[in-house]
>>> print(open('run01.csv').read())   # CSV, N, CA and C atoms
chain,number,residue,atom,x,y,z
T,1,MET,N,135.1,80.9,87.2
T,1,MET,CA,134.0,81.8,86.8
T,1,MET,C,133.1,81.2,85.8
T,2,PRO,N,131.8,81.4,86.0
T,2,PRO,CA,130.8,80.9,85.0
T,2,PRO,C,130.8,81.7,83.8
T,3,PRO,N,130.5,81.1,82.6
T,3,PRO,CA,130.4,81.9,81.4
T,3,PRO,C,129.4,83.0,81.4
T,4,GLN,N,129.7,84.1,80.8
T,4,GLN,CA,128.8,85.3,80.8
T,4,GLN,C,128.3,85.5,79.3
T,5,PRO,N,127.1,86.0,79.2
T,5,PRO,CA,126.5,86.3,77.9
T,5,PRO,C,127.3,87.3,77.1
T,6,LYS,N,127.5,87.0,75.8
T,6,LYS,CA,128.3,87.9,75.0
T,6,LYS,C,127.5,89.2,74.6
T,7,LYS,N,126.2,89.0,74.4
T,7,LYS,CA,125.3,90.1,73.9
T,7,LYS,C,124.2,90.3,74.9
T,8,LYS,N,123.6,91.5,74.9
T,8,LYS,CA,122.4,91.8,75.7
T,8,LYS,C,121.2,91.2,75.1
T,9,THR,N,120.4,90.6,75.9
T,9,THR,CA,119.1,90.0,75.4
T,9,THR,C,118.1,91.1,75.2
T,10,SER,N,117.6,91.2,74.0
T,10,SER,CA,116.6,92.2,73.6
T,10,SER,C,115.3,92.0,74.4
T,11,LYS,N,114.5,93.1,74.5
T,11,LYS,CA,113.2,93.0,75.2
T,11,LYS,C,112.2,92.1,74.5
T,12,SER,N,112.3,92.1,73.1
T,12,SER,CA,111.4,91.2,72.4
T,12,SER,C,111.7,89.8,72.6
T,13,ARG,N,113.0,89.4,72.6
T,13,ARG,CA,113.4,88.0,72.8
T,13,ARG,C,113.1,87.6,74.2
T,14,GLN,N,113.3,88.5,75.2
T,14,GLN,CA,112.9,88.2,76.6
T,14,GLN,C,111.4,88.0,76.7
T,15,GLY,N,110.6,88.9,76.0
T,15,GLY,CA,109.2,88.7,76.1
T,15,GLY,C,108.7,87.4,75.4
T,16,ARG,N,109.3,87.0,74.3
T,16,ARG,CA,108.9,85.8,73.7
T,16,ARG,C,109.3,84.6,74.6
T,17,ARG,N,110.4,84.7,75.3
T,17,ARG,CA,110.7,83.6,76.2
T,17,ARG,C,109.7,83.5,77.4
T,18,ARG,N,109.2,84.6,77.8
T,18,ARG,CA,108.3,84.6,78.9
T,18,ARG,C,106.8,84.6,78.5
T,19,ALA,N,106.5,84.3,77.3
T,19,ALA,CA,105.1,84.4,76.8
T,19,ALA,C,104.2,83.5,77.5
T,20,HIS,N,104.6,82.4,78.0
T,20,HIS,CA,103.7,81.4,78.7
T,20,HIS,C,103.6,81.7,80.2
T,21,LEU,N,104.2,82.8,80.7
T,21,LEU,CA,104.2,83.1,82.1
T,21,LEU,C,103.0,84.1,82.4
T,22,SER,N,102.2,84.4,81.5
T,22,SER,CA,101.1,85.4,81.8
T,22,SER,C,100.1,84.8,82.7
T,23,ILE,N,99.4,85.7,83.4
T,23,ILE,CA,98.4,85.2,84.4
T,23,ILE,C,97.1,84.9,83.7
T,24,GLY,N,96.6,83.8,83.9
T,24,GLY,CA,95.3,83.4,83.3
T,24,GLY,C,94.1,84.0,84.0
T,25,ARG,N,93.0,83.9,83.3
T,25,ARG,CA,91.7,84.4,83.9
T,25,ARG,C,91.2,83.4,84.9
T,26,VAL,N,90.5,83.9,85.9
T,26,VAL,CA,89.9,83.1,87.0
T,26,VAL,C,88.7,82.5,86.4
T,27,ASN,N,88.5,81.2,86.5
T,27,ASN,CA,87.3,80.5,86.0
T,27,ASN,C,86.2,80.6,87.0
T,28,LEU,N,85.2,81.5,86.7
T,28,LEU,CA,84.0,81.6,87.6
T,28,LEU,C,82.9,80.8,87.1
T,29,ILE,N,82.2,80.2,88.0
T,29,ILE,CA,80.9,79.5,87.7
T,29,ILE,C,79.8,80.1,88.5
T,30,VAL,N,78.6,79.8,88.2
T,30,VAL,CA,77.4,80.2,88.9
T,30,VAL,C,77.1,79.3,90.0
T,31,CYS,N,76.9,79.8,91.2
T,31,CYS,CA,76.6,79.0,92.4
T,31,CYS,C,75.2,78.5,92.2
T,32,PRO,N,74.9,77.2,92.3
T,32,PRO,CA,73.6,76.7,92.1
T,32,PRO,C,72.6,77.1,93.2
T,33,ALA,N,73.1,77.5,94.4
T,33,ALA,CA,72.2,77.8,95.5
T,33,ALA,C,71.8,79.3,95.5
T,34,CYS,N,72.8,80.2,95.3
T,34,CYS,CA,72.4,81.6,95.3
T,34,CYS,C,72.6,82.4,94.0
T,35,ARG,N,73.1,81.7,93.0
T,35,ARG,CA,73.2,82.2,91.6
T,35,ARG,C,74.2,83.4,91.5
T,36,SER,N,75.2,83.4,92.5
T,36,SER,CA,76.2,84.4,92.4
T,36,SER,C,77.5,83.8,91.8
T,37,PRO,N,78.4,84.5,91.1
T,37,PRO,CA,79.6,83.9,90.6
T,37,PRO,C,80.5,83.6,91.7
T,38,ARG,N,81.2,82.4,91.5
T,38,ARG,CA,82.2,82.0,92.5
T,38,ARG,C,83.3,81.2,91.8
T,39,PRO,N,84.5,81.1,92.3
T,39,PRO,CA,85.5,80.3,91.7
T,39,PRO,C,85.2,78.8,91.7
T,40,SER,N,85.5,78.1,90.7
T,40,SER,CA,85.2,76.7,90.7
T,40,SER,C,86.1,76.0,91.7
T,41,HIS,N,85.5,74.9,92.3
T,41,HIS,CA,86.2,74.0,93.3
T,41,HIS,C,86.4,74.8,94.6
T,42,GLN,N,85.6,75.8,94.9
T,42,GLN,CA,85.7,76.5,96.1
T,42,GLN,C,84.3,76.7,96.7
T,43,ALA,N,84.2,76.9,98.0
T,43,ALA,CA,82.9,77.2,98.6
T,43,ALA,C,82.5,78.6,98.2
T,44,CYS,N,81.2,78.8,98.1
T,44,CYS,CA,80.7,80.1,97.7
T,44,CYS,C,80.9,81.1,98.9
T,45,PRO,N,81.5,82.2,98.7
T,45,PRO,CA,81.7,83.1,99.8
T,45,PRO,C,80.4,83.8,100.2
T,46,ILE,N,79.3,83.8,99.4
T,46,ILE,CA,78.1,84.5,99.7
T,46,ILE,C,77.2,83.6,100.6
T,47,CYS,N,76.9,82.4,100.1
T,47,CYS,CA,76.0,81.5,100.8
T,47,CYS,C,76.7,80.4,101.6
T,48,GLY,N,78.0,80.1,101.4
T,48,GLY,CA,78.8,79.2,102.1
T,48,GLY,C,78.5,77.7,101.7
T,49,THR,N,78.0,77.4,100.6
T,49,THR,CA,77.7,76.1,100.2
T,49,THR,C,78.7,75.6,99.2
T,50,TYR,N,78.9,74.3,99.2
T,50,TYR,CA,79.8,73.6,98.2
T,50,TYR,C,79.3,72.2,98.0
T,51,ARG,N,79.0,71.9,96.7
T,51,ARG,CA,78.5,70.6,96.3
T,51,ARG,C,77.2,70.3,97.0
T,52,GLY,N,76.3,71.2,97.2
T,52,GLY,CA,75.0,71.0,97.7
T,52,GLY,C,74.9,71.0,99.2
T,53,ARG,N,76.0,71.2,99.9
T,53,ARG,CA,75.8,71.3,101.4
T,53,ARG,C,76.6,72.5,101.9
T,54,GLU,N,76.1,73.0,103.1
T,54,GLU,CA,76.7,74.1,103.7
T,54,GLU,C,78.0,73.8,104.4
T,55,VAL,N,79.1,74.4,104.0
T,55,VAL,CA,80.4,74.1,104.6
T,55,VAL,C,81.0,75.3,105.3
T,56,LEU,N,80.4,76.5,105.1
T,56,LEU,CA,80.9,77.7,105.8
T,56,LEU,C,79.7,78.3,106.5
T,57,ASN,N,79.9,78.7,107.7
T,57,ASN,CA,78.8,79.4,108.4
T,57,ASN,C,79.0,80.9,108.2
T,58,VAL,N,78.3,81.4,107.2
T,58,VAL,CA,78.5,82.8,106.7
T,58,VAL,C,78.1,83.8,107.8
T,59,ASN,N,77.0,83.5,108.5
T,59,ASN,CA,76.6,84.4,109.5
T,59,ASN,C,77.6,84.6,110.7
T,60,ALA,N,78.2,83.5,111.1
T,60,ALA,CA,79.2,83.6,112.2
T,60,ALA,C,80.5,84.3,111.7
T,61,ARG,N,80.8,84.1,110.4
T,61,ARG,CA,82.0,84.7,109.9
T,61,ARG,C,81.8,86.2,109.8
T,62,GLY,N,80.6,86.7,109.4
T,62,GLY,CA,80.3,88.1,109.3
T,62,GLY,C,80.3,88.8,110.7
T,63,ALA,N,79.8,88.1,111.7
T,63,ALA,CA,79.8,88.6,113.0
T,63,ALA,C,81.3,88.7,113.6
T,64,ARG,N,82.1,87.7,113.2
T,64,ARG,CA,83.5,87.7,113.7
T,64,ARG,C,84.3,88.8,113.0
T,65,GLN,N,84.1,89.0,111.7
T,65,GLN,CA,84.9,90.1,111.0
T,65,GLN,C,84.4,91.5,111.4
T,66,GLY,N,83.2,91.7,111.6
T,66,GLY,CA,82.7,93.0,111.9
T,66,GLY,C,82.8,93.4,113.4
T,67,GLY,N,83.3,92.4,114.2
T,67,GLY,CA,83.3,92.7,115.7
T,67,GLY,C,84.5,93.6,116.1
T,68,GLY,N,84.3,94.7,116.6
T,68,GLY,CA,85.2,95.6,117.2
T,68,GLY,C,84.5,96.2,118.4
T,69,GLU,N,83.3,95.7,118.6
T,69,GLU,CA,82.5,96.2,119.7
T,69,GLU,C,82.8,95.4,121.0
T,70,LYS,N,82.7,96.1,122.1
T,70,LYS,CA,83.0,95.5,123.3
T,70,LYS,C,81.9,95.7,124.3
>>> encode(input="run01.csv", output="structure tokens")
Amino acid sequence: MPPQPKKKTSKSRQGRRRAHLSIGRVNLIVCPACRSPRPSHQACPICGTYRGREVLNVNARGARQGGGEK
């Protein structure tokens, strides 16, 4: 059998042990093309550009998501 703890770990001690596990804030930057906030190192979800070139076709994605029409 593995050894068991002798005493209950208090909530404050448990919290101090987990202090570095908090969720950090998302780093948003301003898109140089459309001036909307976007996460860094990701393509802009509004205009579809990344590092000065278009990498996402935003118009086709919008038509695909909105399609339920037959």
>>> select_by_dssp(input="run01.csv", residues="chain T", states="strand (DSSP E or B)", output="list of chain:residue names")
T:Leu28, T:Ile29, T:Val30, T:Pro37, T:Arg38, T:Pro39, T:Thr49, T:Tyr50, T:Arg53, T:Glu54
>>> atom_distance(input="run01.csv", atom1="atom C of Gly52 (chain T)", atom2="atom C of Ile29 (chain T)")
14.9 Å
>>> closest_residue(input="run01.csv", among="T:Ile23, T:Cys31, T:Pro5, T:Asn59", to="Cys44 (chain T)", atoms="only N, CA and C atoms")
T:Cys31
>>> atom_distance(input="run01.csv", atom1="CA of Ser40 (chain T)", atom2="CA of Val58 (chain T)")
18.4 Å
>>> select_by_dssp(input="run01.csv", residues="chain T", states="alpha helix (DSSP H)", output="count of residues only")
16
>>> closest_residue(input="run01.csv", among="T:Ala19, T:Met1, T:Val26, T:Ala60", to="Pro39 (chain T)", atoms="only C-alpha atoms")
T:Val26
>>> atom_distance(input="run01.csv", atom1="CA of Pro37 (chain T)", atom2="CA of Ser22 (chain T)")
23.3 Å
>>> decode(input="run01.csv", residues="chain T", atoms="C-alpha atoms", output="short mmCIF file (atom, residue, chain, number, x, y, z; two decimals), in the first residue's frame")
data_model
loop_
_atom_site.label_atom_id
_atom_site.label_comp_id
_atom_site.auth_asym_id
_atom_site.auth_seq_id
_atom_site.Cartn_x
_atom_site.Cartn_y
_atom_site.Cartn_z
CA MET T 1 0.00 0.00 0.00
CA PRO T 2 1.28 3.50 -0.79
CA PRO T 3 1.69 5.93 2.09
CA GLN T 4 -1.30 8.09 2.93
CA PRO T 5 -1.30 11.72 4.15
CA LYS T 6 -1.54 12.11 7.91
CA LYS T 7 -3.45 15.40 7.87
CA LYS T 8 -5.97 17.10 5.57
CA THR T 9 -4.48 19.72 3.25
CA SER T 10 -6.09 23.07 4.03
CA LYS T 11 -7.76 25.13 1.31
CA SER T 12 -5.21 27.93 1.70
CA ARG T 13 -2.25 25.56 1.30
CA GLN T 14 -3.93 23.94 -1.69
CA GLY T 15 -4.55 27.37 -3.20
CA ARG T 16 -0.93 28.45 -2.70
CA ARG T 17 0.27 25.28 -4.39
CA ARG T 18 -1.97 25.97 -7.39
CA ALA T 19 -1.27 29.72 -7.58
CA HIS T 20 0.61 29.40 -10.89
CA LEU T 21 -2.21 27.44 -12.58
CA SER T 22 -4.47 30.44 -13.16
CA ILE T 23 -5.62 31.22 -16.69
CA GLY T 24 -3.80 34.14 -18.26
CA ARG T 25 -5.33 36.90 -20.32
CA VAL T 26 -5.47 36.53 -24.10
CA ASN T 27 -2.98 38.86 -25.78
CA LEU T 28 -4.97 40.84 -28.38
CA ILE T 29 -3.34 43.05 -30.98
CA VAL T 30 -4.83 45.42 -33.54
CA CYS T 31 -5.13 44.01 -37.05
CA PRO T 32 -3.21 46.33 -39.40
CA ALA T 33 -5.68 45.72 -42.25
CA CYS T 34 -9.08 46.23 -40.60
CA ARG T 35 -8.13 47.67 -37.16
CA SER T 36 -10.15 45.07 -35.24
CA PRO T 37 -8.67 43.24 -32.24
CA ARG T 38 -7.35 39.75 -32.94
CA PRO T 39 -5.20 37.20 -31.08
CA SER T 40 -1.51 37.47 -31.86
CA HIS T 41 0.01 34.90 -34.26
CA GLN T 42 -3.41 34.06 -35.70
CA ALA T 43 -5.25 35.12 -38.83
CA CYS T 44 -7.80 37.89 -38.37
CA PRO T 45 -11.31 36.39 -38.18
CA ILE T 46 -12.84 39.59 -39.60
CA CYS T 47 -10.78 40.24 -42.74
CA GLY T 48 -8.85 36.94 -43.03
CA THR T 49 -5.36 38.44 -43.33
CA TYR T 50 -2.14 37.38 -41.63
CA ARG T 51 1.22 39.13 -42.02
CA GLY T 52 0.00 41.27 -44.91
CA ARG T 53 -1.64 38.61 -47.07
CA GLU T 54 -5.07 37.04 -47.23
CA VAL T 55 -4.99 33.51 -45.86
CA LEU T 56 -8.70 32.96 -45.16
CA ASN T 57 -11.52 33.47 -47.60
CA VAL T 58 -13.97 35.13 -45.22
CA ASN T 59 -16.76 35.45 -47.80
CA ALA T 60 -16.77 31.73 -48.61
CA ARG T 61 -16.65 30.80 -44.92
CA GLY T 62 -19.67 33.02 -44.16
CA ALA T 63 -21.68 31.47 -46.99
CA ARG T 64 -20.74 27.96 -45.81
CA GLN T 65 -21.71 28.58 -42.18
CA GLY T 66 -24.96 30.33 -42.99
CA GLY T 67 -26.08 27.75 -45.50
CA GLY T 68 -29.15 25.74 -44.51
CA GLU T 69 -30.92 26.76 -47.65
CA LYS T 70 -31.62 24.21 -50.35
#
